[in-house]
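Q: Structure in structure tokens, see below.
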Amino acid sequence: MVKRALLIAYHYPPVQISSGVQRTLAFSRDLPDQGWEPLVLSAHPRAYEKISEGQLKDIPENTVVQRAWAWDTARHLSLKGRYLDAMALPDRWVSWCPSAVVAGLNMIRKYKPQVIFSTYPIATAHLIALALHKLTGIPWVADFRDSMTEDSYPREARRRKVFLWLERQVVNNCCKAIFTTPGAVKMYRERYPELPEDRWALIPNGYNEAIFTEVEASLQSDDSVDDLIAAGTKPLTLVHSGVLYPSERDPRAFFAAVASLKEQGKLSAESVQIVLRATGHDSLYAPMLKEHKIDDIIRLEAGVEYRQALQEMLDADGLLIFQATNCNHQIPAKLYEYFRAQKPIFALTDRQGDTGQTLLSAGIESLAPLDDKDELEKQLLIFIEQLQQGVAAIASPEAVRKSSRQYGSEILATIFQEGTGLSDNTVTVQPTSQD
């Protein structure tokens, strides 16, 4: 018997966004090794703000991928940037829902999947899965990743009402709700005490080993160029790869700490270069860097394709993580890629949060609160000195092993087995042709 899973994901190549797209891509690649054939239902690329064909080659050749018609309300259906709220509930991609439900029903009739899987943070994906589950009765696994609602999110009353309704529909109708951190699982277990304990599951984010191996191989072929540069002649390079949200990853205290160290003569552009890659808010941060007179040390750089981002991590001397206390139940997906890169990490986060605890359990103790300028200054200097001396800690082998996407796919396959009640016997998946 061929076991198939319908994966509903708005973010799928060729979309170009942060590392979030890697989760579904990895599931679609690794599930066949666990006896499950993935069927991917995604949005038409026209709906994506940015696209890149770089990762299309990472989709397995025989994977069925159906791209349903979709628009971005803000970009395609607005008049001079304005549109009715009802046209963007639960989100700006709600136009994807009708065509995706029709496409999903056609895929179900043709391929007869045993389970439906949908993934947030695009809420419309869960709305589509809810409709398909109600129409077909097929068991549904909902991948929340992070929390869908918070005390202060969504802020707009109408959107919040819709999100709260949808969240309750999801947890009441799915057979399993998956989150990426222990804190999020705990939050939902307490929020819905009437639901069974086994409703909740944990699958952390992770890294794609095959892509890392490929990037490492290309780096090795270029090593001869780097060997020509004498040791000690280059400044240390610290990198943060990804969005720096003004609230959840506010870098202002970090900027002040770097400025103070520069004024004291303990830090200079000749000794350290800090790259903030694809912050998403360069126009906000650039004036701050100039005001602090540290734009020679901290550089704001544009986004690059995924492999280039991984290459930069592997090339760096140290890697940076930003995470505020109000996100203590979240872990940036890039952290697991940092673990795999086997580079020292300096984290601007709360030691008691999920990000801090994950770092500490991996053997990394270079942490300081995101909003504590004095502690950041102290710990950053210690971290730089450790890098210079070659004694800065890297993630433990066990932490790296458990951070692989393949490990997560093994957990997901087990969840599929339990949710469908199918035998756990090994089966040979018969590939179907790609649509």
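Labels used: A, B, ... for chains in the order of the structure tokens, numbers from 1 for residues in each chain, and numbers from 1 for ligands as shown.
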From region 292-432 of chain A, collect each residue whose DSSP state is alpha helix (DSSP H) and return the set as a ChimeraX atom specification.

A: /A:292,306-315,334-341,354-361,373-389,397-401,405-420

Q: Find the residues around Leu367 (chain A) up to 12 Å (only C-alpha atoms counted), leave out those fewer than 2 positions away in its own chain, and share them as a ChimeraX atom specification.

A: /A:320-323,344-353,355-360,363-365,369-372,375-383,393

Q: May I ask which of the residues A:Ile294, A:Ala253, A:Leu412, A:Val2 is the closest one to Ala368 (chain A), counting only C-alpha atoms?

A: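 Residue with the minimum atom-to-atom distance to Ala368 (chain A): A:Ala253.
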
Q: Could you pull the residues within 12 Å of Lys134 (chain A), counting only C-alpha atoms, minus those fewer than 4 positions along the same chain, as a list in words?

A: Val101, Leu105, Ile116, Leu127, Ile128, Ala129, Leu130, Ile138, Pro139, Trp140, Gln169, Val170, Asn172, Asn173 and Cys174 of chain A

Q: How would you write, as a PDB file with C-alpha atoms, in the first residue's frame, the set of residues in region 31-243 of chain A that DSSP gives as strand (DSSP E)?

A:
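So result_15.pdb came out as:
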ATOM      1  CA  TRP A  36       5.290   8.494   2.793  1.00  0.00           C
ATOM      2  CA  GLU A  37       4.850  10.080  -0.622  1.00  0.00           C
ATOM      3  CA  PRO A  38       4.262  13.844  -0.391  1.00  0.00           C
ATOM      4  CA  LEU A  39       1.728  15.690  -2.548  1.00  0.00           C
ATOM      5  CA  VAL A  40       2.354  19.434  -2.328  1.00  0.00           C
ATOM      6  CA  LEU A  41      -0.449  21.984  -2.692  1.00  0.00           C
ATOM      7  CA  SER A  42       0.978  25.502  -2.838  1.00  0.00           C
ATOM      8  CA  ALA A  43       0.216  28.931  -4.291  1.00  0.00           C
ATOM      9  CA  VAL A  64       3.634  16.104  -7.240  1.00  0.00           C
ATOM     10  CA  VAL A  65       3.338  19.888  -6.877  1.00  0.00           C
ATOM     11  CA  GLN A  66       0.041  21.649  -7.589  1.00  0.00           C
ATOM     12  CA  ARG A  67       0.124  25.449  -7.561  1.00  0.00           C
ATOM     13  CA  ALA A  68      -3.346  26.921  -7.101  1.00  0.00           C
ATOM     14  CA  VAL A 115      -3.529  12.361   5.732  1.00  0.00           C
ATOM     15  CA  ILE A 116      -3.719  16.144   5.237  1.00  0.00           C
ATOM     16  CA  PHE A 117      -0.939  18.393   6.560  1.00  0.00           C
ATOM     17  CA  SER A 118      -1.070  22.203   6.635  1.00  0.00           C
ATOM     18  CA  THR A 119       1.534  24.652   7.834  1.00  0.00           C
ATOM     19  CA  TRP A 140      -5.542  16.361   9.507  1.00  0.00           C
ATOM     20  CA  VAL A 141      -2.197  17.294  11.057  1.00  0.00           C
ATOM     21  CA  ALA A 142      -1.777  21.046  11.667  1.00  0.00           C
ATOM     22  CA  ASP A 143       1.713  22.502  11.814  1.00  0.00           C
ATOM     23  CA  PHE A 144       1.460  25.759  13.776  1.00  0.00           C
ATOM     24  CA  ARG A 145       5.224  26.218  14.176  1.00  0.00           C
ATOM     25  CA  LYS A 176      -2.345  16.554  16.007  1.00  0.00           C
ATOM     26  CA  ALA A 177      -1.147  20.164  16.415  1.00  0.00           C
ATOM     27  CA  ILE A 178       2.611  20.601  15.958  1.00  0.00           C
ATOM     28  CA  PHE A 179       4.791  23.389  17.362  1.00  0.00           C
ATOM     29  CA  TRP A 200       0.085  18.423  20.985  1.00  0.00           C
ATOM     30  CA  ALA A 201       3.419  17.556  19.389  1.00  0.00           C
ATOM     31  CA  LEU A 202       6.892  19.071  19.083  1.00  0.00           C
ATOM     32  CA  LEU A 236      36.840  38.813  12.618  1.00  0.00           C
ATOM     33  CA  THR A 237      33.477  38.556  10.877  1.00  0.00           C
ATOM     34  CA  LEU A 238      30.215  38.207  12.827  1.00  0.00           C
ATOM     35  CA  VAL A 239      27.012  37.536  10.888  1.00  0.00           C
ATOM     36  CA  HIS A 240      23.290  37.713  11.558  1.00  0.00           C
ATOM     37  CA  SER A 241      21.297  36.210   8.689  1.00  0.00           C
TER      38      SER A 241
END

Q: With distances taken over only C-alpha atoms, which of A:Ser404, A:Ser271, A:Gln22, A:Thr63 is nearest to Phe339 (chain A)?

A: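 Between A:Ser404, A:Ser271, A:Gln22, A:Thr63, the residue approaching Phe339 (chain A) most closely is A:Ser404.
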
Q: Counting only C-alpha atoms, figure out which residue out of A:Gly421, A:Pro235, A:Gly242, A:Gly183 gets nearest to Ser268 (chain A).

A: A:Pro235

Q: Ranking A:Val275, A:Met187, A:Ala217, A:Leu84 by minimum distance to Arg158 (chain A) and counting only C-alpha atoms, which one comes first?

A: A:Leu84

Q: Rank nothing, just name the residue among A:Ala100, A:Ala123, A:Leu422, A:Ala362 nearest to Lys402 (chain A), using only C-alpha atoms.

A: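 Ranked by minimum distance to Lys402 (chain A), first place goes to A:Ala362.
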
Q: Taking into account only C-alpha atoms, which residue in the set A:Ser95, A:Ser52, A:Ser366, A:Thr149 is nearest to Ala125 (chain A)?

A: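 The closest residue to Ala125 (chain A) is A:Ser95.
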